[in-house]
file structure04.txt (compact mmCIF, N, CA and C atoms and all ligand atoms)
# COMPACT_ATOMS: atom_id res chain seq x y z
N MET U 1 92.68 92.31 91.52
CA MET U 1 94.05 92.27 92.07
C MET U 1 94.30 90.91 92.73
N ASP U 2 95.46 90.31 92.44
CA ASP U 2 95.74 89.01 93.05
C ASP U 2 96.49 89.19 94.38
N THR U 3 96.68 88.06 95.04
CA THR U 3 97.31 88.07 96.36
C THR U 3 98.69 88.72 96.35
N GLN U 4 99.47 88.40 95.33
CA GLN U 4 100.84 88.93 95.29
C GLN U 4 100.84 90.46 95.15
N ASN U 5 99.91 90.97 94.36
CA ASN U 5 99.81 92.43 94.21
C ASN U 5 99.41 93.09 95.53
N LEU U 6 98.50 92.43 96.26
CA LEU U 6 98.07 92.99 97.55
C LEU U 6 99.25 93.03 98.52
N ILE U 7 100.06 91.99 98.48
CA ILE U 7 101.26 91.96 99.33
C ILE U 7 102.19 93.12 98.95
N GLU U 8 102.32 93.38 97.67
CA GLU U 8 103.19 94.48 97.22
C GLU U 8 102.68 95.84 97.71
N VAL U 9 101.35 96.02 97.71
CA VAL U 9 100.79 97.28 98.21
C VAL U 9 101.10 97.42 99.71
N ALA U 10 100.94 96.33 100.45
CA ALA U 10 101.23 96.36 101.88
C ALA U 10 102.71 96.66 102.13
N LYS U 11 103.56 96.09 101.27
CA LYS U 11 105.00 96.32 101.41
C LYS U 11 105.34 97.81 101.18
N GLU U 12 104.70 98.40 100.20
CA GLU U 12 104.90 99.84 99.94
C GLU U 12 104.38 100.68 101.10
N ALA U 13 103.21 100.31 101.62
CA ALA U 13 102.62 101.04 102.75
C ALA U 13 103.56 101.00 103.96
N ARG U 14 104.22 99.89 104.13
CA ARG U 14 105.15 99.72 105.25
C ARG U 14 106.22 100.80 105.27
N LYS U 15 106.58 101.29 104.09
CA LYS U 15 107.61 102.33 104.01
C LYS U 15 107.14 103.64 104.65
N LEU U 16 105.82 103.78 104.85
CA LEU U 16 105.27 104.99 105.46
C LEU U 16 105.10 104.83 106.97
N SER U 17 105.52 103.68 107.51
CA SER U 17 105.42 103.46 108.95
C SER U 17 106.16 104.55 109.72
N TYR U 18 105.53 105.01 110.80
CA TYR U 18 106.20 105.91 111.75
C TYR U 18 106.41 105.09 113.02
N SER U 19 107.60 104.53 113.14
CA SER U 19 107.86 103.61 114.26
C SER U 19 109.22 103.87 114.89
N PRO U 20 109.44 105.12 115.40
CA PRO U 20 110.74 105.46 115.97
C PRO U 20 111.02 104.78 117.32
N TYR U 21 109.99 104.18 117.94
CA TYR U 21 110.18 103.60 119.27
C TYR U 21 110.45 102.10 119.18
N SER U 22 109.64 101.41 118.41
CA SER U 22 109.85 99.95 118.29
C SER U 22 110.83 99.62 117.16
N HIS U 23 110.97 100.53 116.21
CA HIS U 23 111.75 100.25 114.99
C HIS U 23 111.23 98.99 114.29
N PHE U 24 109.95 98.74 114.45
CA PHE U 24 109.32 97.58 113.81
C PHE U 24 108.24 98.11 112.86
N ALA U 25 108.61 98.22 111.61
CA ALA U 25 107.70 98.80 110.61
C ALA U 25 106.76 97.72 110.08
N VAL U 26 105.48 98.03 110.08
CA VAL U 26 104.46 97.10 109.59
C VAL U 26 103.63 97.80 108.50
N GLY U 27 103.33 97.05 107.46
CA GLY U 27 102.46 97.57 106.40
C GLY U 27 101.24 96.67 106.26
N ALA U 28 100.17 97.25 105.76
CA ALA U 28 98.95 96.47 105.54
C ALA U 28 98.23 97.01 104.31
N ALA U 29 97.35 96.19 103.76
CA ALA U 29 96.53 96.62 102.64
C ALA U 29 95.22 95.84 102.65
N VAL U 30 94.13 96.57 102.49
CA VAL U 30 92.78 95.99 102.45
C VAL U 30 92.30 95.99 101.01
N LEU U 31 91.76 94.84 100.56
CA LEU U 31 91.19 94.73 99.21
C LEU U 31 89.67 94.65 99.32
N CYS U 32 88.99 95.42 98.46
CA CYS U 32 87.52 95.40 98.44
C CYS U 32 87.01 94.78 97.14
N SER U 33 85.73 94.38 97.16
CA SER U 33 85.17 93.64 96.02
C SER U 33 85.11 94.47 94.75
N ASP U 34 85.13 95.80 94.86
CA ASP U 34 85.13 96.64 93.65
C ASP U 34 86.55 96.87 93.13
N GLY U 35 87.53 96.22 93.75
CA GLY U 35 88.91 96.31 93.29
C GLY U 35 89.72 97.40 93.97
N SER U 36 89.06 98.21 94.79
CA SER U 36 89.83 99.27 95.46
C SER U 36 90.67 98.68 96.60
N VAL U 37 91.80 99.34 96.84
CA VAL U 37 92.78 98.87 97.82
C VAL U 37 93.13 100.02 98.76
N TYR U 38 93.21 99.71 100.05
CA TYR U 38 93.47 100.74 101.06
C TYR U 38 94.70 100.36 101.89
N PRO U 39 95.73 101.19 101.84
CA PRO U 39 96.95 100.90 102.59
C PRO U 39 96.88 101.39 104.03
N GLY U 40 97.77 100.86 104.85
CA GLY U 40 97.93 101.33 106.22
C GLY U 40 99.32 100.97 106.70
N ALA U 41 99.81 101.72 107.67
CA ALA U 41 101.09 101.41 108.30
C ALA U 41 100.95 101.72 109.78
N ASN U 42 101.84 101.16 110.60
CA ASN U 42 101.76 101.47 112.03
C ASN U 42 102.30 102.87 112.29
N ILE U 43 101.58 103.59 113.15
CA ILE U 43 101.93 104.97 113.50
C ILE U 43 102.05 105.03 115.01
N GLU U 44 103.27 105.23 115.50
CA GLU U 44 103.51 105.17 116.95
C GLU U 44 103.47 106.57 117.58
N ASN U 45 103.54 106.57 118.92
CA ASN U 45 103.52 107.81 119.67
C ASN U 45 104.41 107.65 120.90
N ALA U 46 104.99 108.77 121.37
CA ALA U 46 105.85 108.75 122.56
C ALA U 46 105.06 108.23 123.77
N SER U 47 103.75 108.46 123.76
CA SER U 47 102.87 107.82 124.74
C SER U 47 102.45 106.50 124.11
N TYR U 48 103.25 105.47 124.37
CA TYR U 48 103.21 104.22 123.58
C TYR U 48 101.82 103.65 123.30
N PRO U 49 100.93 103.61 124.32
CA PRO U 49 99.64 102.94 124.04
C PRO U 49 98.81 103.66 122.98
N LEU U 50 99.17 104.89 122.66
CA LEU U 50 98.41 105.62 121.64
C LEU U 50 98.80 105.19 120.23
N SER U 51 99.81 104.36 120.11
CA SER U 51 100.24 103.89 118.79
C SER U 51 99.11 103.10 118.11
N MET U 52 99.10 103.14 116.79
CA MET U 52 98.06 102.42 116.03
C MET U 52 98.71 101.43 115.08
N CYS U 53 98.17 100.23 115.05
CA CYS U 53 98.72 99.17 114.19
C CYS U 53 98.35 99.40 112.72
N ALA U 54 99.17 98.82 111.85
CA ALA U 54 99.01 98.97 110.41
C ALA U 54 97.67 98.46 109.90
N GLU U 55 97.26 97.28 110.36
CA GLU U 55 96.03 96.69 109.81
C GLU U 55 94.80 97.45 110.25
N ARG U 56 94.83 98.01 111.47
CA ARG U 56 93.69 98.82 111.87
C ARG U 56 93.64 100.10 111.04
N ASN U 57 94.80 100.71 110.79
CA ASN U 57 94.79 101.91 109.96
C ASN U 57 94.27 101.60 108.56
N ALA U 58 94.62 100.44 108.02
CA ALA U 58 94.17 100.08 106.67
C ALA U 58 92.65 99.89 106.64
N VAL U 59 92.12 99.18 107.64
CA VAL U 59 90.66 98.96 107.67
C VAL U 59 89.93 100.28 107.90
N TYR U 60 90.44 101.11 108.79
CA TYR U 60 89.79 102.41 109.03
C TYR U 60 89.86 103.27 107.78
N ASN U 61 90.95 103.17 107.05
CA ASN U 61 91.10 103.88 105.79
C ASN U 61 89.98 103.49 104.82
N ALA U 62 89.69 102.19 104.73
CA ALA U 62 88.61 101.72 103.85
C ALA U 62 87.26 102.26 104.31
N TYR U 63 87.02 102.18 105.61
CA TYR U 63 85.73 102.69 106.12
C TYR U 63 85.59 104.19 105.87
N MET U 64 86.70 104.91 105.92
CA MET U 64 86.64 106.36 105.69
C MET U 64 86.33 106.68 104.23
N ASP U 65 86.41 105.67 103.35
CA ASP U 65 86.03 105.84 101.95
C ASP U 65 84.69 105.17 101.68
N GLU U 66 83.89 105.08 102.74
CA GLU U 66 82.51 104.57 102.67
C GLU U 66 82.40 103.08 102.39
N LYS U 67 83.50 102.34 102.57
CA LYS U 67 83.41 100.89 102.46
C LYS U 67 82.82 100.35 103.77
N THR U 68 82.12 99.21 103.66
CA THR U 68 81.58 98.58 104.86
C THR U 68 82.08 97.13 104.92
N LYS U 69 81.72 96.47 105.98
CA LYS U 69 82.23 95.12 106.26
C LYS U 69 82.16 94.20 105.03
N ASP U 70 80.98 94.15 104.40
CA ASP U 70 80.78 93.19 103.31
C ASP U 70 81.55 93.54 102.04
N ASP U 71 82.09 94.76 101.96
CA ASP U 71 82.90 95.14 100.79
C ASP U 71 84.30 94.52 100.86
N ILE U 72 84.73 94.14 102.06
CA ILE U 72 86.14 93.73 102.24
C ILE U 72 86.31 92.24 101.93
N THR U 73 87.26 91.97 101.03
CA THR U 73 87.49 90.57 100.64
C THR U 73 88.82 90.02 101.16
N ALA U 74 89.78 90.91 101.41
CA ALA U 74 91.09 90.43 101.86
C ALA U 74 91.85 91.54 102.57
N ILE U 75 92.79 91.12 103.43
CA ILE U 75 93.72 92.07 104.06
C ILE U 75 95.07 91.39 104.19
N CYS U 76 96.11 92.14 103.89
CA CYS U 76 97.48 91.63 104.03
C CYS U 76 98.21 92.43 105.10
N ILE U 77 99.02 91.75 105.89
CA ILE U 77 99.85 92.38 106.93
C ILE U 77 101.28 91.89 106.70
N ILE U 78 102.23 92.83 106.68
CA ILE U 78 103.61 92.42 106.37
C ILE U 78 104.60 93.19 107.24
N ALA U 79 105.67 92.49 107.64
CA ALA U 79 106.75 93.12 108.42
C ALA U 79 108.04 92.38 108.10
N ASP U 80 109.14 92.95 108.57
CA ASP U 80 110.45 92.30 108.39
C ASP U 80 110.68 91.37 109.57
N SER U 81 109.88 90.32 109.62
CA SER U 81 109.89 89.40 110.76
C SER U 81 110.30 88.00 110.29
N ASP U 82 110.76 87.19 111.22
CA ASP U 82 111.15 85.81 110.86
C ASP U 82 109.96 85.03 110.33
N ARG U 83 108.86 85.18 111.06
CA ARG U 83 107.62 84.50 110.66
C ARG U 83 106.71 85.52 109.99
N PRO U 84 105.75 85.09 109.21
CA PRO U 84 104.76 86.03 108.67
C PRO U 84 104.13 86.82 109.81
N CYS U 85 103.94 88.13 109.61
CA CYS U 85 103.49 89.00 110.70
C CYS U 85 102.04 88.70 111.09
N SER U 86 101.87 88.39 112.37
CA SER U 86 100.57 87.98 112.89
C SER U 86 99.87 89.17 113.54
N PRO U 87 98.59 89.39 113.27
CA PRO U 87 97.89 90.51 113.89
C PRO U 87 97.81 90.35 115.40
N CYS U 88 98.02 91.45 116.12
CA CYS U 88 97.98 91.41 117.59
C CYS U 88 96.54 91.14 118.05
N GLY U 89 96.39 90.89 119.32
CA GLY U 89 95.07 90.58 119.87
C GLY U 89 94.07 91.71 119.68
N ALA U 90 94.52 92.94 119.89
CA ALA U 90 93.61 94.09 119.73
C ALA U 90 93.13 94.17 118.29
N CYS U 91 94.03 93.95 117.35
CA CYS U 91 93.64 94.00 115.93
C CYS U 91 92.69 92.86 115.59
N ARG U 92 92.89 91.71 116.17
CA ARG U 92 91.98 90.58 115.90
C ARG U 92 90.56 90.95 116.33
N GLN U 93 90.45 91.59 117.49
CA GLN U 93 89.13 91.99 117.98
C GLN U 93 88.49 92.99 117.00
N VAL U 94 89.28 93.95 116.53
CA VAL U 94 88.75 94.95 115.59
C VAL U 94 88.39 94.29 114.26
N LEU U 95 89.27 93.43 113.76
CA LEU U 95 88.99 92.76 112.49
C LEU U 95 87.73 91.91 112.59
N SER U 96 87.51 91.29 113.76
CA SER U 96 86.35 90.40 113.91
C SER U 96 85.04 91.18 113.74
N GLU U 97 85.08 92.47 114.04
CA GLU U 97 83.86 93.29 113.89
C GLU U 97 83.77 93.95 112.51
N LEU U 98 84.92 94.25 111.91
CA LEU U 98 84.91 95.12 110.73
C LEU U 98 85.18 94.43 109.40
N ILE U 99 85.59 93.16 109.42
CA ILE U 99 85.74 92.44 108.14
C ILE U 99 84.92 91.14 108.21
N PRO U 100 84.51 90.59 107.06
CA PRO U 100 83.74 89.34 107.10
C PRO U 100 84.54 88.20 107.72
N GLU U 101 83.84 87.24 108.35
CA GLU U 101 84.53 86.17 109.06
C GLU U 101 85.37 85.29 108.14
N ASP U 102 84.98 85.26 106.84
CA ASP U 102 85.73 84.42 105.89
C ASP U 102 86.59 85.23 104.92
N ALA U 103 86.77 86.53 105.19
CA ALA U 103 87.68 87.32 104.34
C ALA U 103 89.09 86.75 104.48
N LEU U 104 89.83 86.81 103.38
CA LEU U 104 91.19 86.26 103.38
C LEU U 104 92.14 87.19 104.16
N ILE U 105 92.85 86.62 105.12
CA ILE U 105 93.90 87.36 105.84
C ILE U 105 95.24 86.76 105.43
N ILE U 106 96.09 87.60 104.85
CA ILE U 106 97.41 87.14 104.42
C ILE U 106 98.44 87.72 105.37
N MET U 107 99.07 86.85 106.13
CA MET U 107 100.17 87.26 107.01
C MET U 107 101.45 87.01 106.22
N ALA U 108 102.32 88.03 106.12
CA ALA U 108 103.48 87.91 105.24
C ALA U 108 104.72 88.50 105.90
N ASN U 109 105.86 88.18 105.33
CA ASN U 109 107.10 88.85 105.74
C ASN U 109 107.91 89.19 104.49
N LEU U 110 109.01 89.92 104.71
CA LEU U 110 109.78 90.41 103.56
C LEU U 110 110.56 89.29 102.88
N LYS U 111 110.69 88.14 103.56
CA LYS U 111 111.41 87.01 102.96
C LYS U 111 110.55 86.26 101.95
N GLY U 112 109.25 86.60 101.91
CA GLY U 112 108.36 85.92 100.97
C GLY U 112 107.54 84.79 101.58
N ASP U 113 107.68 84.60 102.91
CA ASP U 113 106.83 83.61 103.57
C ASP U 113 105.43 84.19 103.72
N LYS U 114 104.43 83.33 103.66
CA LYS U 114 103.07 83.83 103.92
C LYS U 114 102.18 82.72 104.45
N ILE U 115 101.22 83.15 105.25
CA ILE U 115 100.20 82.25 105.79
C ILE U 115 98.86 82.88 105.45
N GLU U 116 97.96 82.07 104.91
CA GLU U 116 96.62 82.57 104.60
C GLU U 116 95.63 81.99 105.61
N THR U 117 94.82 82.88 106.18
CA THR U 117 93.89 82.44 107.21
C THR U 117 92.65 83.32 107.18
N THR U 118 91.83 83.21 108.21
CA THR U 118 90.63 84.06 108.34
C THR U 118 90.52 84.51 109.79
N ILE U 119 89.70 85.53 110.01
CA ILE U 119 89.54 86.01 111.39
C ILE U 119 88.78 84.97 112.23
N LYS U 120 87.95 84.20 111.55
CA LYS U 120 87.22 83.11 112.24
C LYS U 120 88.20 82.15 112.90
N ASP U 121 89.31 81.88 112.20
CA ASP U 121 90.32 80.97 112.75
C ASP U 121 91.25 81.67 113.74
N LEU U 122 91.50 82.97 113.52
CA LEU U 122 92.44 83.69 114.40
C LEU U 122 91.81 84.09 115.74
N LEU U 123 90.47 84.27 115.72
CA LEU U 123 89.80 84.69 116.96
C LEU U 123 88.44 84.00 117.10
N PRO U 124 88.48 82.68 117.40
CA PRO U 124 87.20 81.99 117.61
C PRO U 124 86.51 82.51 118.88
N TYR U 125 85.23 82.41 118.91
CA TYR U 125 84.43 82.87 120.06
C TYR U 125 84.68 84.35 120.38
N ALA U 126 84.83 85.16 119.34
CA ALA U 126 85.09 86.59 119.57
C ALA U 126 83.94 87.24 120.32
N PHE U 127 84.28 88.17 121.18
CA PHE U 127 83.26 89.01 121.83
C PHE U 127 82.65 89.89 120.76
N GLN U 128 81.30 89.95 120.72
CA GLN U 128 80.62 90.69 119.66
C GLN U 128 79.58 91.64 120.22
N GLY U 129 79.19 92.60 119.40
CA GLY U 129 78.14 93.53 119.80
C GLY U 129 76.87 92.81 120.25
N ASP U 130 76.59 91.67 119.63
CA ASP U 130 75.38 90.89 119.99
C ASP U 130 75.43 90.42 121.43
N ASP U 131 76.62 90.33 121.99
CA ASP U 131 76.77 89.85 123.36
C ASP U 131 76.38 90.89 124.40
N LEU U 132 76.25 92.14 123.98
CA LEU U 132 75.97 93.22 124.94
C LEU U 132 74.52 93.19 125.39
N1 LIG U 201 102.17 96.17 114.99
C1 LIG U 201 101.33 96.30 113.92
O1 LIG U 201 101.23 97.37 113.31
N2 LIG U 201 100.59 95.22 113.56
C2 LIG U 201 100.69 93.99 114.13
O2 LIG U 201 99.95 93.10 113.78
C3 LIG U 201 101.71 93.74 115.15
C4 LIG U 201 102.29 94.97 115.76
C5 LIG U 201 102.97 97.33 115.38
C6 LIG U 201 102.59 97.99 116.67
C7 LIG U 201 103.87 98.70 117.05
O3 LIG U 201 103.94 99.94 116.36
C8 LIG U 201 104.96 97.78 116.48
O4 LIG U 201 104.32 96.94 115.53
C9 LIG U 201 105.63 96.92 117.53
O5 LIG U 201 104.72 96.23 118.29

call {"tool": "encode", "arguments": {"input": "structure04.txt", "output": "structure tokens"}}
result
Amino acid sequence: MDTQNLIEVAKEARKLSYSPYSHFAVGAAVLCSDGSVYPGANIENASYPLSMCAERNAVYNAYMDEKTKDDITAICIIADSDRPCSPCGACRQVLSELIPEDALIIMANLKGDKIETTIKDLLPYAFQGDDL
């Protein structure tokens, strides 16, 4: 699957967002080396902090299908934002543990803008299990 197809999966996943409080729908999709793809969308709650971001749901979706860190090659995050949708700080921390440091992260928006990066660049000096 190429980058554009992964963006399309994330865009479709975004339609499943449950975001009645922020009205900010986010979609995500994780690509694995065997070609499997795992969608995610943000799911909010009236108790706001219990809400879950799209990219975390996508990564957890992959893990729930027995994928592990080294299986993941790319993740796309997309929203109807002016700039390509950037993963929040909490998601960066989770991604730093659950995806490879050089996995492709595609930040995208509905206008077709995109930025390609890695978690190594988004969260340098991440706190890690080794630090405990
Ligand atoms: N959100 C995501 O799902 N991913 C991000 O990277 C940024 C923020 C969600 C959380 C919340 O449901 C809504 O967007 C507004 O913050």

call {"tool": "select_by_dssp", "arguments": {"input": "structure04.txt", "residues": "chain U", "states": "alpha helix (DSSP H)", "output": "ChimeraX atom specification"}}
result
/U:3-14,54-63,89-98,119-122

call {"tool": "write_last_selection", "arguments": {"input": "structure04.txt", "atoms": "N, CA and C atoms", "output": "JSON list (two decimals), in the frame of the given file"}}
result
[["chain", "number", "residue", "atom", "x", "y", "z"],
["U", 3, "THR", "N", 96.68, 88.06, 95.04],
["U", 3, "THR", "CA", 97.31, 88.07, 96.36],
["U", 3, "THR", "C", 98.69, 88.72, 96.35],
["U", 4, "GLN", "N", 99.47, 88.40, 95.33],
["U", 4, "GLN", "CA", 100.84, 88.93, 95.29],
["U", 4, "GLN", "C", 100.84, 90.46, 95.15],
["U", 5, "ASN", "N", 99.91, 90.97, 94.36],
["U", 5, "ASN", "CA", 99.81, 92.43, 94.21],
["U", 5, "ASN", "C", 99.41, 93.09, 95.53],
["U", 6, "LEU", "N", 98.50, 92.43, 96.26],
["U", 6, "LEU", "CA", 98.07, 92.99, 97.55],
["U", 6, "LEU", "C", 99.25, 93.03, 98.52],
["U", 7, "ILE", "N", 100.06, 91.99, 98.48],
["U", 7, "ILE", "CA", 101.26, 91.96, 99.33],
["U", 7, "ILE", "C", 102.19, 93.12, 98.95],
["U", 8, "GLU", "N", 102.32, 93.38, 97.67],
["U", 8, "GLU", "CA", 103.19, 94.48, 97.22],
["U", 8, "GLU", "C", 102.68, 95.84, 97.71],
["U", 9, "VAL", "N", 101.35, 96.02, 97.71],
["U", 9, "VAL", "CA", 100.79, 97.28, 98.21],
["U", 9, "VAL", "C", 101.10, 97.42, 99.71],
["U", 10, "ALA", "N", 100.94, 96.33, 100.45],
["U", 10, "ALA", "CA", 101.23, 96.36, 101.88],
["U", 10, "ALA", "C", 102.71, 96.66, 102.13],
["U", 11, "LYS", "N", 103.56, 96.09, 101.27],
["U", 11, "LYS", "CA", 105.00, 96.32, 101.41],
["U", 11, "LYS", "C", 105.34, 97.81, 101.18],
["U", 12, "GLU", "N", 104.70, 98.40, 100.20],
["U", 12, "GLU", "CA", 104.90, 99.84, 99.94],
["U", 12, "GLU", "C", 104.38, 100.68, 101.10],
["U", 13, "ALA", "N", 103.21, 100.31, 101.62],
["U", 13, "ALA", "CA", 102.62, 101.04, 102.75],
["U", 13, "ALA", "C", 103.56, 101.00, 103.96],
["U", 14, "ARG", "N", 104.22, 99.89, 104.13],
["U", 14, "ARG", "CA", 105.15, 99.72, 105.25],
["U", 14, "ARG", "C", 106.22, 100.80, 105.27],
["U", 54, "ALA", "N", 99.17, 98.82, 111.85],
["U", 54, "ALA", "CA", 99.01, 98.97, 110.41],
["U", 54, "ALA", "C", 97.67, 98.46, 109.90],
["U", 55, "GLU", "N", 97.26, 97.28, 110.36],
["U", 55, "GLU", "CA", 96.03, 96.69, 109.81],
["U", 55, "GLU", "C", 94.80, 97.45, 110.25],
["U", 56, "ARG", "N", 94.83, 98.01, 111.47],
["U", 56, "ARG", "CA", 93.69, 98.82, 111.87],
["U", 56, "ARG", "C", 93.64, 100.10, 111.04],
["U", 57, "ASN", "N", 94.80, 100.71, 110.79],
["U", 57, "ASN", "CA", 94.79, 101.91, 109.96],
["U", 57, "ASN", "C", 94.27, 101.60, 108.56],
["U", 58, "ALA", "N", 94.62, 100.44, 108.02],
["U", 58, "ALA", "CA", 94.17, 100.08, 106.67],
["U", 58, "ALA", "C", 92.65, 99.89, 106.64],
["U", 59, "VAL", "N", 92.12, 99.18, 107.64],
["U", 59, "VAL", "CA", 90.66, 98.96, 107.67],
["U", 59, "VAL", "C", 89.93, 100.28, 107.90],
["U", 60, "TYR", "N", 90.44, 101.11, 108.79],
["U", 60, "TYR", "CA", 89.79, 102.41, 109.03],
["U", 60, "TYR", "C", 89.86, 103.27, 107.78],
["U", 61, "ASN", "N", 90.95, 103.17, 107.05],
["U", 61, "ASN", "CA", 91.10, 103.88, 105.79],
["U", 61, "ASN", "C", 89.98, 103.49, 104.82],
["U", 62, "ALA", "N", 89.69, 102.19, 104.73],
["U", 62, "ALA", "CA", 88.61, 101.72, 103.85],
["U", 62, "ALA", "C", 87.26, 102.26, 104.31],
["U", 63, "TYR", "N", 87.02, 102.18, 105.61],
["U", 63, "TYR", "CA", 85.73, 102.69, 106.12],
["U", 63, "TYR", "C", 85.59, 104.19, 105.87],
["U", 89, "GLY", "N", 96.39, 90.89, 119.32],
["U", 89, "GLY", "CA", 95.07, 90.58, 119.87],
["U", 89, "GLY", "C", 94.07, 91.71, 119.68],
["U", 90, "ALA", "N", 94.52, 92.94, 119.89],
["U", 90, "ALA", "CA", 93.61, 94.09, 119.73],
["U", 90, "ALA", "C", 93.13, 94.17, 118.29],
["U", 91, "CYS", "N", 94.03, 93.95, 117.35],
["U", 91, "CYS", "CA", 93.64, 94.00, 115.93],
["U", 91, "CYS", "C", 92.69, 92.86, 115.59],
["U", 92, "ARG", "N", 92.89, 91.71, 116.17],
["U", 92, "ARG", "CA", 91.98, 90.58, 115.90],
["U", 92, "ARG", "C", 90.56, 90.95, 116.33],
["U", 93, "GLN", "N", 90.45, 91.59, 117.49],
["U", 93, "GLN", "CA", 89.13, 91.99, 117.98],
["U", 93, "GLN", "C", 88.49, 92.99, 117.00],
["U", 94, "VAL", "N", 89.28, 93.95, 116.53],
["U", 94, "VAL", "CA", 88.75, 94.95, 115.59],
["U", 94, "VAL", "C", 88.39, 94.29, 114.26],
["U", 95, "LEU", "N", 89.27, 93.43, 113.76],
["U", 95, "LEU", "CA", 88.99, 92.76, 112.49],
["U", 95, "LEU", "C", 87.73, 91.91, 112.59],
["U", 96, "SER", "N", 87.51, 91.29, 113.76],
["U", 96, "SER", "CA", 86.35, 90.40, 113.91],
["U", 96, "SER", "C", 85.04, 91.18, 113.74],
["U", 97, "GLU", "N", 85.08, 92.47, 114.04],
["U", 97, "GLU", "CA", 83.86, 93.29, 113.89],
["U", 97, "GLU", "C", 83.77, 93.95, 112.51],
["U", 98, "LEU", "N", 84.92, 94.25, 111.91],
["U", 98, "LEU", "CA", 84.91, 95.12, 110.73],
["U", 98, "LEU", "C", 85.18, 94.43, 109.40],
["U", 119, "ILE", "N", 89.70, 85.53, 110.01],
["U", 119, "ILE", "CA", 89.54, 86.01, 111.39],
["U", 119, "ILE", "C", 88.78, 84.97, 112.23],
["U", 120, "LYS", "N", 87.95, 84.20, 111.55],
["U", 120, "LYS", "CA", 87.22, 83.11, 112.24],
["U", 120, "LYS", "C", 88.20, 82.15, 112.90],
["U", 121, "ASP", "N", 89.31, 81.88, 112.20],
["U", 121, "ASP", "CA", 90.32, 80.97, 112.75],
["U", 121, "ASP", "C", 91.25, 81.67, 113.74],
["U", 122, "LEU", "N", 91.50, 82.97, 113.52],
["U", 122, "LEU", "CA", 92.44, 83.69, 114.40],
["U", 122, "LEU", "C", 91.81, 84.09, 115.74]]

call {"tool": "residues_near_ligand", "arguments": {"input": "structure04.txt", "ligand": "ligand LIG 201 (chain U)", "cutoff": "5 Å", "atoms": "all atoms listed in the file", "output": "PyMOL selection string"}}
result
chain U and resi 24+26+42+53-55+86-88

call {"tool": "residues_around", "arguments": {"input": "structure04.txt", "residues": "region 114-122 of chain U", "least_positions_apart": "2", "cutoff": "5 Å", "atoms": "all atoms listed in the file", "output": "number ranges by chain"}}
result
U: 101, 103-108, 112, 124

call {"tool": "closest_residue", "arguments": {"input": "structure04.txt", "among": "U:Ser47, U:Ser22, U:Ser33, U:Asn61", "to": "Thr73 (chain U)", "atoms": "only C-alpha atoms"}}
result
U:Ser33

call {"tool": "closest_residue", "arguments": {"input": "structure04.txt", "among": "U:Ser36, U:Lys11, U:Tyr48, U:Arg56", "to": "Val94 (chain U)", "atoms": "all atoms listed in the file"}}
result
U:Arg56

call {"tool": "residues_near_point", "arguments": {"input": "structure04.txt", "point": "(84.2, 90.5, 106.4)", "cutoff": "6 Å", "atoms": "only C-alpha atoms", "output": "ChimeraX atom specification"}}
result
/U:69-70,72,99-101,103

call {"tool": "closest_residue", "arguments": {"input": "structure04.txt", "among": "U:Gly27, U:Pro20, U:Gly129, U:Pro84", "to": "Ala58 (chain U)", "atoms": "only C-alpha atoms"}}
result
U:Gly27

call {"tool": "closest_residue", "arguments": {"input": "structure04.txt", "among": "U:Gln93, U:Ser81, U:Ser17, U:Gln128", "to": "Asp113 (chain U)", "atoms": "only C-alpha atoms"}}
result
U:Ser81

call {"tool": "atom_distance", "arguments": {"input": "structure04.txt", "atom1": "CA of Ser96 (chain U)", "atom2": "CA of Gly40 (chain U)"}}
result
17.7 Å

call {"tool": "atom_distance", "arguments": {"input": "structure04.txt", "atom1": "CA of Ala25 (chain U)", "atom2": "CA of Tyr38 (chain U)"}}
result
17.2 Å

call {"tool": "select_by_dssp", "arguments": {"input": "structure04.txt", "residues": "region 69-132 of chain U", "states": "strand (DSSP E or B)", "output": "compact mmCIF listing (two decimals) with N, CA and C atoms, in the coordinates of the input"}}
result
# COMPACT_ATOMS: atom_id res chain seq x y z
N ILE U 72 84.73 94.14 102.06
CA ILE U 72 86.14 93.73 102.24
C ILE U 72 86.31 92.24 101.93
N THR U 73 87.26 91.97 101.03
CA THR U 73 87.49 90.57 100.64
C THR U 73 88.82 90.02 101.16
N ALA U 74 89.78 90.91 101.41
CA ALA U 74 91.09 90.43 101.86
C ALA U 74 91.85 91.54 102.57
N ILE U 75 92.79 91.12 103.43
CA ILE U 75 93.72 92.07 104.06
C ILE U 75 95.07 91.39 104.19
N CYS U 76 96.11 92.14 103.89
CA CYS U 76 97.48 91.63 104.03
C CYS U 76 98.21 92.43 105.10
N ILE U 77 99.02 91.75 105.89
CA ILE U 77 99.85 92.38 106.93
C ILE U 77 101.28 91.89 106.70
N ILE U 78 102.23 92.83 106.68
CA ILE U 78 103.61 92.42 106.37
C ILE U 78 104.60 93.19 107.24
N ALA U 79 105.67 92.49 107.64
CA ALA U 79 106.75 93.12 108.42
C ALA U 79 108.04 92.38 108.10
N LEU U 104 89.83 86.81 103.38
CA LEU U 104 91.19 86.26 103.38
C LEU U 104 92.14 87.19 104.16
N ILE U 105 92.85 86.62 105.12
CA ILE U 105 93.90 87.36 105.84
C ILE U 105 95.24 86.76 105.43
N ILE U 106 96.09 87.60 104.85
CA ILE U 106 97.41 87.14 104.42
C ILE U 106 98.44 87.72 105.37
N MET U 107 99.07 86.85 106.13
CA MET U 107 100.17 87.26 107.01
C MET U 107 101.45 87.01 106.22
N ALA U 108 102.32 88.03 106.12
CA ALA U 108 103.48 87.91 105.24
C ALA U 108 104.72 88.50 105.90
N ASN U 109 105.86 88.18 105.33
CA ASN U 109 107.10 88.85 105.74
C ASN U 109 107.91 89.19 104.49
N LYS U 114 104.43 83.33 103.66
CA LYS U 114 103.07 83.83 103.92
C LYS U 114 102.18 82.72 104.45
N ILE U 115 101.22 83.15 105.25
CA ILE U 115 100.20 82.25 105.79
C ILE U 115 98.86 82.88 105.45
N GLU U 116 97.96 82.07 104.91
CA GLU U 116 96.62 82.57 104.60
C GLU U 116 95.63 81.99 105.61
N THR U 117 94.82 82.88 106.18
CA THR U 117 93.89 82.44 107.21
C THR U 117 92.65 83.32 107.18
